[in-house]
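Peer 1: This is the structure, below, for whatever I ask next.
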Amino acid sequence: MMPLQASLKPLTDIASLETVWRDVETRADRAFFLSWTWIGSWLETFAEAPTLIEVTDSSGRIIGLGVFCEARETRKKIIRAKQLRL
């Protein structure tokens, strides 16, 4: 089993993420809702202050990407919860 590394960083440049995302996408067995067509549109429309998680293998090649966004939810009309949604 090869060691993997994950890093979290603020996502500030959506345009440069597209190139990386599309590269990973070509190597993945993925659903439409994980494609750049969907993710790129979602980021431009809804995401506020997203955080990028990037997973690399031992050679430094990016093998996984994800985007976290903060959300707030009120449960049972009184409990406020902060969430990180992937």
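Chain identifiers are assigned as A, B, and so on, following the order in which chains appear in the structure tokens; residues are numbered from 1 within each chain, and ligands are numbered from 1 in order of appearance.
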Could you pull out all residues of chain A with a DSSP call of alpha helix (DSSP H) and give them as a ChimeraX atom specification?

Peer 2: /A:14-26,36-45

Peer 1: Near A:Phe68, counting only C-alpha atoms, which residues have an atom at most 8 Å away, once you skip same-chain residues fewer than 3 positions from it, shown as number ranges by chain?

Peer 2: A: 50-53, 84-86

Peer 1: Store the residues picked out above in a file with N, CA and C atoms, as a PDB file, in the first residue's frame.

Peer 2:
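File selection_0.pdb, as written:
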ATOM      1  N   PRO A  50     -15.003  28.288  -0.274  1.00  0.00           N
ATOM      2  CA  PRO A  50     -14.741  26.843  -0.302  1.00  0.00           C
ATOM      3  C   PRO A  50     -13.317  26.500   0.121  1.00  0.00           C
ATOM      4  N   THR A  51     -13.157  25.292   0.621  1.00  0.00           N
ATOM      5  CA  THR A  51     -11.849  24.751   0.994  1.00  0.00           C
ATOM      6  C   THR A  51     -11.595  23.529   0.132  1.00  0.00           C
ATOM      7  N   LEU A  52     -10.400  23.468  -0.429  1.00  0.00           N
ATOM      8  CA  LEU A  52     -10.036  22.369  -1.314  1.00  0.00           C
ATOM      9  C   LEU A  52      -9.246  21.326  -0.533  1.00  0.00           C
ATOM     10  N   ILE A  53      -9.598  20.062  -0.709  1.00  0.00           N
ATOM     11  CA  ILE A  53      -8.776  18.969  -0.199  1.00  0.00           C
ATOM     12  C   ILE A  53      -8.163  18.292  -1.422  1.00  0.00           C
ATOM     13  N   LEU A  84     -19.540  21.229   7.794  1.00  0.00           N
ATOM     14  CA  LEU A  84     -18.661  21.251   6.634  1.00  0.00           C
ATOM     15  C   LEU A  84     -19.243  20.230   5.672  1.00  0.00           C
ATOM     16  N   ARG A  85     -19.636  20.694   4.516  1.00  0.00           N
ATOM     17  CA  ARG A  85     -20.240  19.794   3.527  1.00  0.00           C
ATOM     18  C   ARG A  85     -19.255  19.544   2.397  1.00  0.00           C
ATOM     19  N   LEU A  86     -19.148  18.279   2.007  1.00  0.00           N
ATOM     20  CA  LEU A  86     -18.246  17.890   0.937  1.00  0.00           C
ATOM     21  C   LEU A  86     -18.988  17.918  -0.384  1.00  0.00           C
TER      22      LEU A  86
END

Peer 1: Go through chain A and collect every residue that DSSP, computed from the backbone, puts in strand (DSSP E or B); the answer should be as a PyMOL selection string.

Peer 2: chain A and resi 5-10+51-56+62-75+79-85

Peer 1: Could the residues in this selection be saved with N, CA and C atoms as a CSV table (one decimal), in the first residue's frame?

Peer 2:
chain,number,residue,atom,x,y,z
A,5,GLN,N,-1.0,11.5,0.9
A,5,GLN,CA,-0.9,12.7,1.7
A,5,GLN,C,-2.1,13.5,1.3
A,6,ALA,N,-2.7,14.2,2.3
A,6,ALA,CA,-3.9,15.1,2.0
A,6,ALA,C,-3.5,16.5,2.5
A,7,SER,N,-4.0,17.5,1.8
A,7,SER,CA,-3.7,18.8,2.2
A,7,SER,C,-5.0,19.6,2.0
A,8,LEU,N,-5.3,20.5,2.9
A,8,LEU,CA,-6.4,21.4,2.9
A,8,LEU,C,-5.9,22.8,2.7
A,9,LYS,N,-6.6,23.6,1.8
A,9,LYS,CA,-6.3,25.0,1.5
A,9,LYS,C,-7.5,25.7,1.0
A,10,PRO,N,-7.5,27.0,1.3
A,10,PRO,CA,-8.7,27.8,0.7
A,10,PRO,C,-8.6,27.7,-0.8
A,51,THR,N,-13.2,25.3,0.6
A,51,THR,CA,-11.8,24.8,1.0
A,51,THR,C,-11.6,23.5,0.1
A,52,LEU,N,-10.4,23.5,-0.4
A,52,LEU,CA,-10.0,22.4,-1.3
A,52,LEU,C,-9.2,21.3,-0.5
A,53,ILE,N,-9.6,20.1,-0.7
A,53,ILE,CA,-8.8,19.0,-0.2
A,53,ILE,C,-8.2,18.3,-1.4
A,54,GLU,N,-6.9,18.1,-1.3
A,54,GLU,CA,-6.1,17.5,-2.4
A,54,GLU,C,-5.4,16.3,-1.9
A,55,VAL,N,-5.5,15.1,-2.5
A,55,VAL,CA,-4.9,13.9,-2.1
A,55,VAL,C,-3.8,13.5,-3.1
A,56,THR,N,-2.6,13.3,-2.7
A,56,THR,CA,-1.5,12.9,-3.6
A,56,THR,C,-1.0,11.5,-3.2
A,62,ILE,N,-1.6,14.0,-8.1
A,62,ILE,CA,-2.9,14.2,-7.5
A,62,ILE,C,-3.9,13.0,-7.9
A,63,ILE,N,-4.4,12.4,-6.9
A,63,ILE,CA,-5.3,11.2,-7.1
A,63,ILE,C,-6.7,11.5,-6.6
A,64,GLY,N,-6.9,12.6,-5.9
A,64,GLY,CA,-8.2,12.8,-5.3
A,64,GLY,C,-8.4,14.3,-5.0
A,65,LEU,N,-9.6,14.8,-5.3
A,65,LEU,CA,-9.9,16.2,-5.0
A,65,LEU,C,-11.3,16.3,-4.4
A,66,GLY,N,-11.5,17.2,-3.5
A,66,GLY,CA,-12.8,17.5,-3.0
A,66,GLY,C,-12.9,18.9,-2.6
A,67,VAL,N,-14.1,19.4,-2.4
A,67,VAL,CA,-14.4,20.8,-2.0
A,67,VAL,C,-15.3,20.8,-0.8
A,68,PHE,N,-14.9,21.4,0.2
A,68,PHE,CA,-15.7,21.6,1.4
A,68,PHE,C,-16.3,23.0,1.5
A,69,CYS,N,-17.5,23.1,1.9
A,69,CYS,CA,-18.1,24.4,2.1
A,69,CYS,C,-18.8,24.4,3.5
A,70,GLU,N,-18.7,25.6,4.2
A,70,GLU,CA,-19.3,25.7,5.5
A,70,GLU,C,-20.8,26.0,5.3
A,71,ALA,N,-21.6,25.4,6.2
A,71,ALA,CA,-23.0,25.7,6.1
A,71,ALA,C,-23.5,25.8,7.6
A,72,ARG,N,-24.6,26.4,7.7
A,72,ARG,CA,-25.3,26.5,9.1
A,72,ARG,C,-26.7,26.0,8.9
A,73,GLU,N,-27.1,25.3,9.9
A,73,GLU,CA,-28.4,24.6,9.9
A,73,GLU,C,-29.0,24.8,11.3
A,74,THR,N,-30.3,25.0,11.3
A,74,THR,CA,-31.0,25.1,12.6
A,74,THR,C,-31.9,23.8,12.6
A,75,ARG,N,-31.7,23.1,13.7
A,75,ARG,CA,-32.3,21.8,14.0
A,75,ARG,C,-33.4,21.9,15.1
A,79,ILE,N,-31.6,24.5,17.8
A,79,ILE,CA,-30.2,24.1,17.8
A,79,ILE,C,-29.5,24.5,16.5
A,80,ARG,N,-28.5,25.4,16.7
A,80,ARG,CA,-27.8,25.9,15.5
A,80,ARG,C,-26.5,25.0,15.4
A,81,ALA,N,-26.3,24.5,14.2
A,81,ALA,CA,-25.2,23.7,13.9
A,81,ALA,C,-24.4,24.2,12.7
A,82,LYS,N,-23.0,24.2,12.9
A,82,LYS,CA,-22.2,24.5,11.8
A,82,LYS,C,-21.8,23.2,11.2
A,83,GLN,N,-21.7,23.2,9.9
A,83,GLN,CA,-21.4,22.0,9.1
A,83,GLN,C,-20.3,22.3,8.1
A,84,LEU,N,-19.5,21.2,7.8
A,84,LEU,CA,-18.7,21.3,6.6
A,84,LEU,C,-19.2,20.2,5.7
A,85,ARG,N,-19.6,20.7,4.5
A,85,ARG,CA,-20.2,19.8,3.5
A,85,ARG,C,-19.3,19.5,2.4

Peer 1: If I take atom CA of A:Arg22 and atom CA of A:Trp36, how far is one from the other in Å, to one decimal?

Peer 2: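 Computing the Euclidean distance for atom CA of A:Arg22 and atom CA of A:Trp36 yields 6.4 Å.
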
Peer 1: Which residues are near A:Glu44? Cut-off 12 Å, only C-alpha atoms, ignore same chain within fewer than 6 positions. Put them as a VMD selection string.

Peer 2: chain A and resid 11 to 15 18 36 to 38 50

Peer 1: Using only C-alpha atoms, which residue out of A:Ala49, A:Leu4, A:Leu17, A:Ile78 lies closest to A:Arg61?

Peer 2: A:Leu4

Peer 1: Using only C-alpha atoms, determine which residues lie at most 10 Å from A:Leu34, disregarding the query and same-chain residues fewer than 5 positions distant; provide the list as an MDAnalysis selection string.

Peer 2: chainID A and resid 21 25 28:29 39:40 65:66

Peer 1: Since we have the selection now, will you write its residues out, keeping C-alpha atoms, as a PDB file, in the first residue's frame?

Peer 2:
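File produced: out_11.pdb:
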ATOM      1  CA  TRP A  21      -9.951  18.507 -11.790  1.00  0.00           C
ATOM      2  CA  GLU A  25     -11.543  13.151 -13.910  1.00  0.00           C
ATOM      3  CA  ALA A  28     -11.478   8.203 -12.465  1.00  0.00           C
ATOM      4  CA  ASP A  29     -14.606   6.125 -12.663  1.00  0.00           C
ATOM      5  CA  ILE A  39     -18.678  20.973  -9.872  1.00  0.00           C
ATOM      6  CA  GLY A  40     -17.505  24.030 -11.835  1.00  0.00           C
ATOM      7  CA  LEU A  65      -9.911  16.220  -4.994  1.00  0.00           C
ATOM      8  CA  GLY A  66     -12.809  17.480  -2.958  1.00  0.00           C
TER       9      GLY A  66
END
